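Coordinates as given in work-v4.pdb (PDB, C-alpha atoms and all ligand atoms):
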```pdb
ATOM      1  CA  MET A   1     -27.729 111.156-255.112
ATOM      2  CA  ILE A   2     -24.370 112.993-255.056
ATOM      3  CA  SER A   3     -21.716 111.682-252.609
ATOM      4  CA  GLY A   4     -20.555 113.535-249.523
ATOM      5  CA  MET A   5     -17.162 114.127-251.191
ATOM      6  CA  GLU A   6     -18.875 115.518-254.332
ATOM      7  CA  GLN A   7     -20.936 117.853-252.133
ATOM      8  CA  GLN A   8     -17.748 119.056-250.396
ATOM      9  CA  LEU A   9     -15.956 119.579-253.722
ATOM     10  CA  ARG A  10     -18.874 121.613-255.089
ATOM     11  CA  ALA A  11     -19.101 123.650-251.896
ATOM     12  CA  LEU A  12     -15.399 124.533-252.055
ATOM     13  CA  ALA A  13     -15.509 125.201-255.811
ATOM     14  CA  SER A  14     -18.371 127.672-255.371
ATOM     15  CA  ARG A  15     -16.427 129.467-252.620
ATOM     16  CA  VAL A  16     -13.325 129.700-254.825
ATOM     17  CA  ARG A  17     -15.400 130.833-257.816
ATOM     18  CA  ALA A  18     -16.920 133.694-255.769
ATOM     19  CA  ALA A  19     -13.587 134.725-254.220
ATOM     20  CA  ARG A  20     -11.490 137.718-255.331
ATOM     21  CA  SER A  21      -8.528 136.460-253.266
ATOM     22  CA  VAL A  22      -7.503 132.895-252.384
ATOM     23  CA  THR A  23      -4.454 131.898-250.294
ATOM     24  CA  VAL A  24      -3.147 128.326-250.269
ATOM     25  CA  MET A  25      -0.778 127.071-247.525
ATOM     26  CA  THR A  26       1.031 123.899-248.612
ATOM     27  CA  GLY A  27       3.135 121.264-246.851
ATOM     28  CA  ALA A  28       5.012 118.086-247.699
ATOM     29  CA  GLY A  29       1.801 116.231-248.592
ATOM     30  CA  VAL A  30       1.540 118.265-251.807
ATOM     31  CA  SER A  31       4.866 116.836-252.988
ATOM     32  CA  ALA A  32       4.204 113.262-251.827
ATOM     33  CA  ALA A  33       2.744 112.239-255.214
ATOM     34  CA  SER A  34       5.962 113.510-256.846
ATOM     35  CA  GLY A  35       7.991 111.071-254.730
ATOM     36  CA  VAL A  36       9.361 113.600-252.220
ATOM     37  CA  PRO A  37       9.434 112.030-248.710
ATOM     38  CA  THR A  38       7.163 113.817-246.224
ATOM     39  CA  PHE A  39       8.477 114.680-242.734
ATOM     40  CA  ARG A  40       6.190 112.697-240.551
ATOM     41  CA  GLY A  41       5.287 109.977-243.038
ATOM     42  CA  PRO A  42       6.891 106.493-242.706
ATOM     43  CA  GLU A  43       9.572 107.367-245.319
ATOM     44  CA  GLY A  44      10.274 110.657-243.499
ATOM     45  CA  LEU A  45      12.859 108.964-241.359
ATOM     46  CA  TRP A  46      16.427 109.224-242.662
ATOM     47  CA  ARG A  47      18.574 106.462-241.148
ATOM     48  CA  THR A  48      17.696 106.756-237.473
ATOM     49  CA  PHE A  49      17.334 110.520-237.306
ATOM     50  CA  ARG A  50      14.166 112.532-236.874
ATOM     51  CA  PRO A  51      14.146 115.592-239.156
ATOM     52  CA  GLU A  52      13.973 117.833-236.092
ATOM     53  CA  ASP A  53      17.356 116.350-234.996
ATOM     54  CA  LEU A  54      19.117 117.368-238.200
ATOM     55  CA  ALA A  55      17.328 120.580-239.193
ATOM     56  CA  THR A  56      18.827 122.701-236.378
ATOM     57  CA  PRO A  57      21.856 125.036-236.141
ATOM     58  CA  GLU A  58      23.075 122.959-233.171
ATOM     59  CA  ALA A  59      23.104 119.758-235.266
ATOM     60  CA  PHE A  60      25.070 121.530-238.016
ATOM     61  CA  ALA A  61      27.601 122.974-235.555
ATOM     62  CA  ARG A  62      27.972 119.498-233.997
ATOM     63  CA  ASP A  63      28.377 117.553-237.277
ATOM     64  CA  PRO A  64      28.202 119.624-240.495
ATOM     65  CA  ALA A  65      29.191 116.631-242.667
ATOM     66  CA  LEU A  66      26.237 114.584-241.384
ATOM     67  CA  VAL A  67      23.774 117.425-241.968
ATOM     68  CA  TRP A  68      25.180 118.106-245.433
ATOM     69  CA  GLU A  69      24.907 114.393-246.235
ATOM     70  CA  TRP A  70      21.203 114.588-245.328
ATOM     71  CA  TYR A  71      20.597 117.652-247.486
ATOM     72  CA  SER A  72      22.561 116.082-250.357
ATOM     73  CA  TRP A  73      20.403 112.966-250.059
ATOM     74  CA  ARG A  74      17.306 115.153-250.255
ATOM     75  CA  ARG A  75      18.705 117.161-253.241
ATOM     76  CA  THR A  76      19.416 113.932-255.106
ATOM     77  CA  ARG A  77      15.942 112.617-254.271
ATOM     78  CA  VAL A  78      14.118 115.831-255.276
ATOM     79  CA  ALA A  79      16.216 116.233-258.438
ATOM     80  CA  SER A  80      14.556 113.048-259.755
ATOM     81  CA  CYS A  81      11.050 114.356-258.968
ATOM     82  CA  ARG A  82       8.680 116.416-261.091
ATOM     83  CA  PRO A  83       5.762 118.686-260.114
ATOM     84  CA  ASN A  84       2.466 116.746-259.878
ATOM     85  CA  ALA A  85      -1.147 117.689-260.720
ATOM     86  CA  ALA A  86      -1.537 119.548-257.401
ATOM     87  CA  HIS A  87       1.458 121.797-258.174
ATOM     88  CA  GLU A  88       0.207 122.350-261.726
ATOM     89  CA  VAL A  89      -3.319 123.413-260.699
ATOM     90  CA  LEU A  90      -1.942 125.871-258.099
ATOM     91  CA  ALA A  91       0.561 127.277-260.625
ATOM     92  CA  ARG A  92      -2.239 127.924-263.146
ATOM     93  CA  TRP A  93      -4.439 129.510-260.472
ATOM     94  CA  SER A  94      -1.534 131.798-259.467
ATOM     95  CA  GLN A  95      -1.216 132.960-263.095
ATOM     96  CA  ASP A  96      -4.963 133.554-263.555
ATOM     97  CA  ALA A  97      -5.614 137.332-263.465
ATOM     98  CA  SER A  98      -9.357 136.909-262.752
ATOM     99  CA  ARG A  99      -8.617 136.165-259.107
ATOM    100  CA  GLN A 100      -5.588 136.707-256.832
ATOM    101  CA  VAL A 101      -4.248 133.301-255.801
ATOM    102  CA  LEU A 102      -1.186 133.281-253.528
ATOM    103  CA  VAL A 103       0.681 130.088-252.599
ATOM    104  CA  VAL A 104       2.512 130.061-249.254
ATOM    105  CA  THR A 105       4.654 126.946-248.863
ATOM    106  CA  GLN A 106       6.586 125.218-246.093
ATOM    107  CA  ASN A 107       8.248 123.025-248.730
ATOM    108  CA  VAL A 108      11.893 123.588-249.628
ATOM    109  CA  ASP A 109      11.787 121.382-252.768
ATOM    110  CA  ASP A 110      10.904 124.270-255.158
ATOM    111  CA  LEU A 111       8.452 122.052-257.079
ATOM    112  CA  HIS A 112       5.909 124.892-256.927
ATOM    113  CA  LEU A 113       8.480 127.105-258.681
ATOM    114  CA  ARG A 114       9.233 124.441-261.276
ATOM    115  CA  ALA A 115       5.465 124.199-261.966
ATOM    116  CA  GLY A 116       5.469 127.951-262.713
ATOM    117  CA  THR A 117       3.809 129.287-259.554
ATOM    118  CA  ARG A 118       3.836 133.085-259.576
ATOM    119  CA  ASP A 119       4.740 135.155-256.477
ATOM    120  CA  LEU A 120       5.400 132.013-254.405
ATOM    121  CA  ILE A 121       6.016 132.713-250.694
ATOM    122  CA  ARG A 122       8.613 130.222-249.386
ATOM    123  CA  LEU A 123       8.427 130.317-245.576
ATOM    124  CA  HIS A 124      11.243 127.837-244.918
ATOM    125  CA  GLY A 125      13.721 128.624-247.686
ATOM    126  CA  SER A 126      15.027 126.371-250.475
ATOM    127  CA  LEU A 127      16.935 123.094-250.684
ATOM    128  CA  TRP A 128      18.665 124.552-253.788
ATOM    129  CA  GLU A 129      20.160 127.580-252.098
ATOM    130  CA  THR A 130      23.171 127.881-249.803
ATOM    131  CA  LYS A 131      24.451 130.669-247.532
ATOM    132  CA  CYS A 132      27.295 131.399-245.095
ATOM    133  CA  PHE A 133      27.016 129.575-241.735
ATOM    134  CA  ASN A 134      29.006 132.336-240.036
ATOM    135  CA  GLY A 135      26.560 134.879-241.381
ATOM    136  CA  CYS A 136      29.350 137.029-242.838
ATOM    137  CA  VAL A 137      27.947 140.240-244.347
ATOM    138  CA  ALA A 138      28.354 139.178-247.974
ATOM    139  CA  GLY A 139      27.451 135.550-247.299
ATOM    140  CA  VAL A 140      24.073 136.282-245.733
ATOM    141  CA  ARG A 141      22.504 136.519-249.198
ATOM    142  CA  ALA A 142      21.838 132.945-250.363
ATOM    143  CA  TRP A 143      23.221 131.721-253.688
ATOM    144  CA  ARG A 144      21.848 129.003-256.008
ATOM    145  CA  ASP A 145      23.638 125.669-255.483
ATOM    146  CA  GLU A 146      22.538 122.404-257.071
ATOM    147  CA  ASP A 147      25.659 120.457-256.143
ATOM    148  CA  VAL A 148      25.653 117.320-254.002
ATOM    149  CA  ALA A 149      28.179 118.021-251.234
ATOM    150  CA  ALA A 150      31.075 115.550-250.912
ATOM    151  CA  PRO A 151      31.682 114.613-247.224
ATOM    152  CA  ASP A 152      35.400 115.519-247.497
ATOM    153  CA  ARG A 153      34.795 118.784-249.371
ATOM    154  CA  LEU A 154      31.923 120.582-247.642
ATOM    155  CA  PRO A 155      30.614 123.761-249.315
ATOM    156  CA  ARG A 156      32.459 126.933-248.288
ATOM    157  CA  CYS A 157      31.401 130.567-248.189
ATOM    158  CA  PRO A 158      33.039 132.233-251.228
ATOM    159  CA  HIS A 159      33.284 135.484-249.213
ATOM    160  CA  CYS A 160      34.789 134.515-245.837
ATOM    161  CA  GLY A 161      35.913 130.946-246.563
ATOM    162  CA  GLY A 162      33.868 129.709-243.593
ATOM    163  CA  LEU A 163      31.436 126.785-243.724
ATOM    164  CA  ALA A 164      28.370 127.237-245.916
ATOM    165  CA  ARG A 165      24.962 125.840-244.928
ATOM    166  CA  PRO A 166      21.670 125.045-246.734
ATOM    167  CA  ALA A 167      19.585 128.264-246.988
ATOM    168  CA  VAL A 168      16.604 126.744-245.211
ATOM    169  CA  VAL A 169      14.993 127.848-241.915
ATOM    170  CA  TRP A 170      16.011 125.449-239.184
ATOM    171  CA  PHE A 171      14.019 124.704-236.017
ATOM    172  CA  GLY A 172      14.697 127.409-233.415
ATOM    173  CA  GLU A 173      15.537 129.919-236.153
ATOM    174  CA  SER A 174      13.308 132.841-237.055
ATOM    175  CA  LEU A 175      11.738 132.977-240.483
ATOM    176  CA  ASP A 176      12.685 135.785-242.889
ATOM    177  CA  THR A 177      10.651 138.846-241.811
ATOM    178  CA  THR A 178       9.743 139.727-245.415
ATOM    179  CA  ASP A 179       8.300 136.240-245.996
ATOM    180  CA  VAL A 180       6.327 136.404-242.730
ATOM    181  CA  GLU A 181       4.980 139.863-243.641
ATOM    182  CA  ARG A 182       3.947 138.670-247.125
ATOM    183  CA  ALA A 183       2.279 135.545-245.651
ATOM    184  CA  THR A 184       0.503 137.647-243.023
ATOM    185  CA  ARG A 185      -0.802 139.977-245.752
ATOM    186  CA  ALA A 186      -1.880 136.944-247.786
ATOM    187  CA  ALA A 187      -3.877 135.720-244.766
ATOM    188  CA  ARG A 188      -6.255 138.621-245.489
ATOM    189  CA  CYS A 189      -8.244 136.747-248.166
ATOM    190  CA  ASP A 190     -11.730 135.440-249.036
ATOM    191  CA  VAL A 191     -10.726 131.754-249.060
ATOM    192  CA  PHE A 192      -7.780 130.161-247.195
ATOM    193  CA  LEU A 193      -6.846 126.578-248.111
ATOM    194  CA  THR A 194      -4.413 124.435-246.086
ATOM    195  CA  VAL A 195      -3.220 121.510-248.206
ATOM    196  CA  GLY A 196      -1.016 118.513-247.326
ATOM    197  CA  THR A 197       0.325 119.807-244.027
ATOM    198  CA  SER A 198       0.192 118.210-240.551
ATOM    199  CA  ALA A 199      -0.310 121.755-239.153
ATOM    200  CA  ILE A 200       2.168 121.160-236.319
ATOM    201  CA  VAL A 201       5.070 123.456-237.171
ATOM    202  CA  TYR A 202       4.741 127.159-236.214
ATOM    203  CA  PRO A 203       4.425 129.916-237.238
ATOM    204  CA  ALA A 204       3.220 128.292-240.519
ATOM    205  CA  ALA A 205       0.429 126.397-238.714
ATOM    206  CA  GLY A 206      -0.898 129.663-237.272
ATOM    207  CA  PHE A 207      -1.936 131.347-240.526
ATOM    208  CA  ALA A 208      -5.229 129.443-240.962
ATOM    209  CA  ARG A 209      -6.454 130.825-237.654
ATOM    210  CA  ILE A 210      -5.327 134.363-238.630
ATOM    211  CA  ALA A 211      -7.196 134.100-241.947
ATOM    212  CA  GLN A 212     -10.325 132.774-240.253
ATOM    213  CA  ALA A 213     -10.211 135.568-237.672
ATOM    214  CA  ARG A 214     -10.199 137.996-240.605
ATOM    215  CA  GLY A 215     -13.350 136.452-242.074
ATOM    216  CA  ALA A 216     -11.866 134.078-244.636
ATOM    217  CA  PHE A 217     -13.683 130.823-245.475
ATOM    218  CA  THR A 218     -11.132 128.154-244.478
ATOM    219  CA  ALA A 219     -10.763 124.621-245.824
ATOM    220  CA  GLU A 220      -8.298 121.758-245.395
ATOM    221  CA  ILE A 221      -7.297 119.072-247.910
ATOM    222  CA  ASN A 222      -5.411 116.170-246.322
ATOM    223  CA  LEU A 223      -5.385 112.378-246.375
ATOM    224  CA  GLU A 224      -6.075 112.416-242.654
ATOM    225  CA  SER A 225      -7.309 114.807-239.967
ATOM    226  CA  THR A 226      -4.869 117.237-238.350
ATOM    227  CA  PRO A 227      -4.983 119.800-235.511
ATOM    228  CA  ALA A 228      -6.421 122.210-238.129
ATOM    229  CA  SER A 229      -9.381 119.949-239.005
ATOM    230  CA  SER A 230     -11.489 121.129-236.071
ATOM    231  CA  LEU A 231     -10.655 124.776-236.817
ATOM    232  CA  VAL A 232     -11.478 125.018-240.523
ATOM    233  CA  ASP A 233     -14.965 125.489-242.037
ATOM    234  CA  LEU A 234     -14.519 122.506-244.389
ATOM    235  CA  SER A 235     -12.175 119.513-244.031
ATOM    236  CA  ILE A 236     -11.842 117.363-247.175
ATOM    237  CA  LEU A 237     -10.173 113.973-246.622
ATOM    238  CA  GLY A 238      -8.427 113.208-249.907
ATOM    239  CA  ALA A 239      -5.178 113.396-251.861
ATOM    240  CA  ALA A 240      -4.113 116.866-253.012
ATOM    241  CA  GLU A 241      -3.235 115.538-256.490
ATOM    242  CA  ASP A 242      -6.861 114.324-256.861
ATOM    243  CA  VAL A 243      -8.860 116.967-254.979
ATOM    244  CA  LEU A 244      -7.268 120.113-256.486
ATOM    245  CA  PRO A 245      -7.762 118.961-260.141
ATOM    246  CA  ALA A 246     -11.376 118.008-259.215
ATOM    247  CA  ILE A 247     -11.998 121.539-257.867
ATOM    248  CA  ASP A 248     -10.334 122.977-260.959
ATOM    249  CA  ARG A 249     -12.598 120.939-263.283
ATOM    250  CA  LEU A 250     -15.673 122.206-261.415
ATOM    251  CA  LEU A 251     -14.387 125.796-261.772
ATOM    252  CA  LEU A 252     -13.803 125.296-265.506
ATOM    253  CA  SER A 253     -17.099 123.425-266.037
ATOM    254  CA  ASN A 254     -19.324 126.458-265.370
TER     255      ASN A 254
HETATM  256  C1  LIG B 301      10.564 129.849-234.940
HETATM  257  C2  LIG B 301      12.985 123.612-243.319
HETATM  258  C3  LIG B 301      11.065 131.838-233.701
HETATM  259  C4  LIG B 301      14.160 122.748-243.004
HETATM  260  C5  LIG B 301      11.343 123.341-241.523
HETATM  261  C6  LIG B 301       4.625 127.419-231.051
HETATM  262  C7  LIG B 301       4.164 126.251-230.531
HETATM  263  C8  LIG B 301       5.020 125.118-230.514
HETATM  264  C9  LIG B 301       6.315 125.143-231.047
HETATM  265  C10 LIG B 301       6.760 126.308-231.560
HETATM  266  C11 LIG B 301       5.936 127.442-231.554
HETATM  267  N1  LIG B 301       6.644 128.435-232.124
HETATM  268  C12 LIG B 301       7.886 127.975-232.479
HETATM  269  C13 LIG B 301       7.975 126.680-232.138
HETATM  270  C14 LIG B 301       9.108 125.835-232.354
HETATM  271  C15 LIG B 301       9.132 125.223-233.768
HETATM  272  C16 LIG B 301       7.957 124.299-233.987
HETATM  273  O1  LIG B 301       6.951 124.656-234.561
HETATM  274  N2  LIG B 301       8.167 123.051-233.526
HETATM  275  C17 LIG B 301       7.143 122.012-233.778
HETATM  276  C18 LIG B 301       7.878 120.705-234.088
HETATM  277  C19 LIG B 301       6.246 121.866-232.582
HETATM  278  N3  LIG B 301       9.125 126.258-234.796
HETATM  279  C20 LIG B 301      10.323 126.787-235.141
HETATM  280  O2  LIG B 301      11.388 126.479-234.616
HETATM  281  C21 LIG B 301      10.275 127.851-236.231
HETATM  282  N4  LIG B 301      11.051 128.997-235.845
HETATM  283  O3  LIG B 301       9.483 129.712-234.401
HETATM  284  O4  LIG B 301      11.435 130.898-234.705
HETATM  285  C22 LIG B 301      11.503 131.207-232.491
HETATM  286  C23 LIG B 301      12.850 130.951-232.384
HETATM  287  C24 LIG B 301      13.267 130.405-231.183
HETATM  288  C25 LIG B 301      12.355 129.994-230.200
HETATM  289  C26 LIG B 301      10.986 130.211-230.383
HETATM  290  C27 LIG B 301      10.558 130.843-231.519
HETATM  291  C28 LIG B 301      10.962 127.317-237.520
HETATM  292  C29 LIG B 301      10.154 126.215-238.096
HETATM  293  C30 LIG B 301      10.724 125.822-239.482
HETATM  294  C31 LIG B 301      11.595 124.599-239.409
HETATM  295  N5  LIG B 301      12.002 124.174-240.750
HETATM  296  N6  LIG B 301      11.736 123.011-242.782
HETATM  297  C32 LIG B 301      14.170 121.469-243.808
HETATM  298  O5  LIG B 301      13.223 121.223-244.564
HETATM  299  O6  LIG B 301      15.153 120.758-243.694
HETATM  300  S1  LIG B 301       9.879 122.669-240.900
HETATM  301  C33 LIG B 301       9.517 121.306-241.909
HETATM  302  O7  LIG B 301       8.686 120.476-241.121
HETATM  303  C34 LIG B 301       8.705 121.605-243.151
HETATM  304  O8  LIG B 301       9.113 122.782-243.795
HETATM  305  C35 LIG B 301       7.291 121.712-242.583
HETATM  306  O9  LIG B 301       7.066 122.987-242.065
HETATM  307  C36 LIG B 301       7.332 120.729-241.442
HETATM  308  C37 LIG B 301       6.744 119.425-241.847
HETATM  309  O10 LIG B 301       5.378 119.609-241.860
HETATM  310  P1  LIG B 301       4.527 119.211-243.180
HETATM  311  O11 LIG B 301       5.084 119.913-244.362
HETATM  312  O12 LIG B 301       3.124 119.419-242.836
HETATM  313  O13 LIG B 301       4.890 117.656-243.405
HETATM  314  P2  LIG B 301       4.456 116.403-242.497
HETATM  315  O14 LIG B 301       5.218 115.251-242.994
HETATM  316  O15 LIG B 301       4.505 116.755-241.046
HETATM  317  O16 LIG B 301       2.896 116.191-242.848
HETATM  318  C38 LIG B 301       2.510 115.853-244.157
HETATM  319  C39 LIG B 301       0.988 115.929-244.150
HETATM  320  O17 LIG B 301       0.543 115.702-245.485
HETATM  321  C40 LIG B 301       0.338 114.873-243.255
HETATM  322  O18 LIG B 301      -0.731 115.484-242.534
HETATM  323  C41 LIG B 301      -0.207 113.837-244.265
HETATM  324  O19 LIG B 301      -1.414 113.269-243.829
HETATM  325  C42 LIG B 301      -0.472 114.716-245.473
HETATM  326  N7  LIG B 301      -0.388 114.056-246.782
HETATM  327  C43 LIG B 301       0.505 113.096-247.175
HETATM  328  N8  LIG B 301       0.293 112.785-248.491
HETATM  329  C44 LIG B 301      -0.732 113.592-248.922
HETATM  330  C45 LIG B 301      -1.159 114.404-247.827
HETATM  331  N9  LIG B 301      -2.157 115.314-247.921
HETATM  332  C46 LIG B 301      -2.774 115.427-249.150
HETATM  333  N10 LIG B 301      -2.397 114.702-250.245
HETATM  334  C47 LIG B 301      -1.401 113.772-250.176
HETATM  335  N11 LIG B 301      -1.066 113.067-251.253
END
```

Could you write out this file's structure as structure tokens?
Ligand code: BV8
Amino acid sequence: MISGMEQQLRALASRVRAARSVTVMTGAGVSAASGVPTFRGPEGLWRTFRPEDLATPEAFARDPALVWEWYSWRRTRVASCRPNAAHEVLARWSQDASRQVLVVTQNVDDLHLRAGTRDLIRLHGSLWETKCFNGCVAGVRAWRDEDVAAPDRLPRCPHCGGLARPAVVWFGESLDTTDVERATRAARCDVFLTVGTSAIVYPAAGFARIAQARGAFTAEINLESTPASSLVDLSILGAAEDVLPAIDRLLLSN
């Protein structure tokens, strides 16, 4: 007698096997096994601040040193982390020419990139990039920056000398139109997976519904149910770093 979980894994593996195009939306839960704090998990709290209080242009204008200290803390934390089995399976799928697999992520930790994910769509930017806060013409294009900002020497825009900011998308800010267009195109697929996300933050949380409306088979992988659980065709309660390798083994087994 095969278990309910085994039945779900086989059902999803057969959908992926038959698919020409698969799109995977990921959130902080995919990096949890690497030691990266999630947003809404218990360790998501930094001091007494909620992420939404720090990840806004208003918070940066009010206290840039505090916001930079938070991003430096996260850079230091992520620098000591490595991609886990979930990142590795998705990277291999994205390199596999037999089927188009696109990864759309809300994560800014770049662990998908470090795992070798091809054509990654980063909806919310990168922890490891910086750009001009004043939005000066030259400073709009983000530059790579792995430094940990010192409170008394905050990063400056090399073009206008103004304050520089992390090149991430803050709450209340629009996403990059090119990224949204690529993600919207990717939502036209045979199978749409949403993995390790609480499906609360928009527009990222809206793509599963778009994919389903376009006929995709939709599935969720999460430790717990989310607002997407009632929407998707299949909701698998499990850890991404266990479930994705299990699906991959089934795909490789026959
Ligand atoms: C915008 C970068 C246009 C910064 C981030 C419609 C309805 C309601 C609100 C809105 C709406 N449209 C817009 C809004 C406002 C807002 C929003 O969505 N607010 C929410 C809070 C309600 N959206 C915006 O502001 C967006 N911009 O819409 O612009 C506009 C402009 C003005 C006015 C209107 C519209 C910009 C949103 C992007 C913000 N930036 N990150 C930074 O990182 O510092 S969002 C950030 O939080 C992450 O990137 C991610 O997107 C989100 C956190 O969510 P998750 O990644 O899912 O993480 P979380 O901790 O919540 O959950 C982890 C999950 O994993 C859990 O379910 C857990 O069970 C699971 N899990 C844990 N371990 C595992 C696991 N699962 C599997 N395996 C495991 N091992």

Checklist entry - Counting only C-alpha atoms and all ligand atoms, which protein, DNA or RNA residues come within 6 Å of ligand LIG 301 (chain B), given as an MDAnalysis selection string? => result chainID A and resid 27:30 32:33 38:41 55 106:108 124 168:174 196:203 221:224 239:240

Checklist entry - Near Leu163 in chain A, within 9 Å and counting all atoms listed in the file, which residues show up once chain neighbours fewer than 5 positions away are dropped, as a PyMOL selection string? => result chain A and resi 64+131-134+154-157

Item to check | Given the PyMOL selection byres (((chain A and resi 75) around 9) and not hetatm), the residues it picks as a PyMOL selection string | outcome: chain A and resi 70-74+76-80+109+127-128+146-148

Item to check | Residue nearest Phe217 in chain A - candidates A:Ser34, A:Gln7, A:Ser21, A:Asn84, atoms counted: only C-alpha atoms | outcome: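 Among A:Ser34, A:Gln7, A:Ser21, A:Asn84, it is A:Ser21 that comes nearest to Phe217 in chain A.
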
Next on the checklist: Measuring between all atoms listed in the file, which one of A:Leu113, A:Ala205, A:Val191, A:Ile210 shows the shortest distance to Ala13 in chain A?
Outcome noted: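 Closest to Ala13 in chain A, using all atoms listed in the file: A:Val191.
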
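Within 9 Å of Val180 in chain A, once all atoms listed in the file are used and residues closer than 3 positions along the same chain are dropped, the contacting residues are Ile121, Leu123, Leu175, Asp176, Thr177, Ala183, Thr184, Arg185, Pro203 and Ala204 of chain A.
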
Checklist entry - What is the distance, in Å and to one decimal place, between CA of Ala18 in chain A and CA of Thr226 in chain A? => result 26.8 Å

Checklist outcome for this item: In Å and to one decimal, CA of Gly4 in chain A is distant from CA of Ser253 in chain A by 19.6 Å

Next on the checklist: Using Å and a single decimal, report how far CA of Ala228 in chain A sits from CA of Glu52 in chain A.
Outcome noted: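 Here the two named atoms are 21.0 Å from each other.
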
Neighbour list for Val16 in chain A as a compact mmCIF listing (two decimals) with C-alpha atoms, in the coordinates of the input, cut-off 12 Å, only C-alpha atoms, skip fewer than 6 positions in-chain:
```txt
# COMPACT_ATOMS: atom_id res chain seq x y z
CA LEU A 9 -15.96 119.58 -253.72
CA ARG A 10 -18.87 121.61 -255.09
CA VAL A 22 -7.50 132.90 -252.38
CA THR A 23 -4.45 131.90 -250.29
CA VAL A 24 -3.15 128.33 -250.27
CA TRP A 93 -4.44 129.51 -260.47
CA SER A 98 -9.36 136.91 -262.75
CA ARG A 99 -8.62 136.16 -259.11
CA GLN A 100 -5.59 136.71 -256.83
CA VAL A 101 -4.25 133.30 -255.80
CA CYS A 189 -8.24 136.75 -248.17
CA ASP A 190 -11.73 135.44 -249.04
CA VAL A 191 -10.73 131.75 -249.06
CA PHE A 192 -7.78 130.16 -247.20
CA LEU A 193 -6.85 126.58 -248.11
CA ALA A 216 -11.87 134.08 -244.64
CA PHE A 217 -13.68 130.82 -245.48
CA THR A 218 -11.13 128.15 -244.48
CA ALA A 219 -10.76 124.62 -245.82
CA LEU A 244 -7.27 120.11 -256.49
CA ILE A 247 -12.00 121.54 -257.87
CA ASP A 248 -10.33 122.98 -260.96
CA LEU A 250 -15.67 122.21 -261.42
CA LEU A 251 -14.39 125.80 -261.77
CA LEU A 252 -13.80 125.30 -265.51
```

Contact residues around Asp152 in chain A with only C-alpha atoms at 12 Å, ignoring same-chain residues under 5 positions, as an mmCIF file with C-alpha atoms, in the coordinates of the input:
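File selection.cif, as written:
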```cif
data_model
loop_
_atom_site.group_PDB
_atom_site.id
_atom_site.type_symbol
_atom_site.label_atom_id
_atom_site.label_comp_id
_atom_site.auth_asym_id
_atom_site.auth_seq_id
_atom_site.Cartn_x
_atom_site.Cartn_y
_atom_site.Cartn_z
ATOM 1 C CA PRO A 64 28.202 119.624 -240.495
ATOM 2 C CA ALA A 65 29.191 116.631 -242.667
ATOM 3 C CA LEU A 66 26.237 114.584 -241.384
ATOM 4 C CA TRP A 68 25.180 118.106 -245.433
ATOM 5 C CA GLU A 69 24.907 114.393 -246.235
#
```

Checklist entry - Which of these, A:Thr56, A:Ser235, A:Gln95, A:Thr105, has the shortest distance to Asp179 in chain A once you count only C-alpha atoms? => result A:Thr105

Checklist entry - Hey, which of A:Thr26, A:Thr194, A:Val36, A:Arg141 ends up closest to His112 in chain A? Count only C-alpha atoms. => result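 With only C-alpha atoms as the atom set, the closest residue is A:Thr26.
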
Item to check | Long-range neighbours of Ala91 in chain A as a count of residues only, 9 Å cut-off, all atoms listed in the file, 3 positions minimum in chain | outcome: 13

Next on the checklist: Given only C-alpha atoms as the basis, pick out the residue of A:Glu58, A:Ile236, A:Glu220, A:Cys160 nearest to Cys136 in chain A.
Outcome noted: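 Smallest separation from Cys136 in chain A among the options: A:Cys160.
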
Padding 5 Å on every side, please: axis-aligned box over the listed atoms of range 206-220 of chain A, centre and edge lengths to one decimal in Å, as JSON.
```
{"center_x": -7.3, "center_y": 129.9, "center_z": -241.5, "size_x": 22.8, "size_y": 26.2, "size_z": 18.6}
```

Checklist outcome for this item: Of A:Gly215, A:Pro227, A:Pro83, A:Pro37, the one sitting nearest Arg188 in chain A when using only C-alpha atoms is A:Gly215
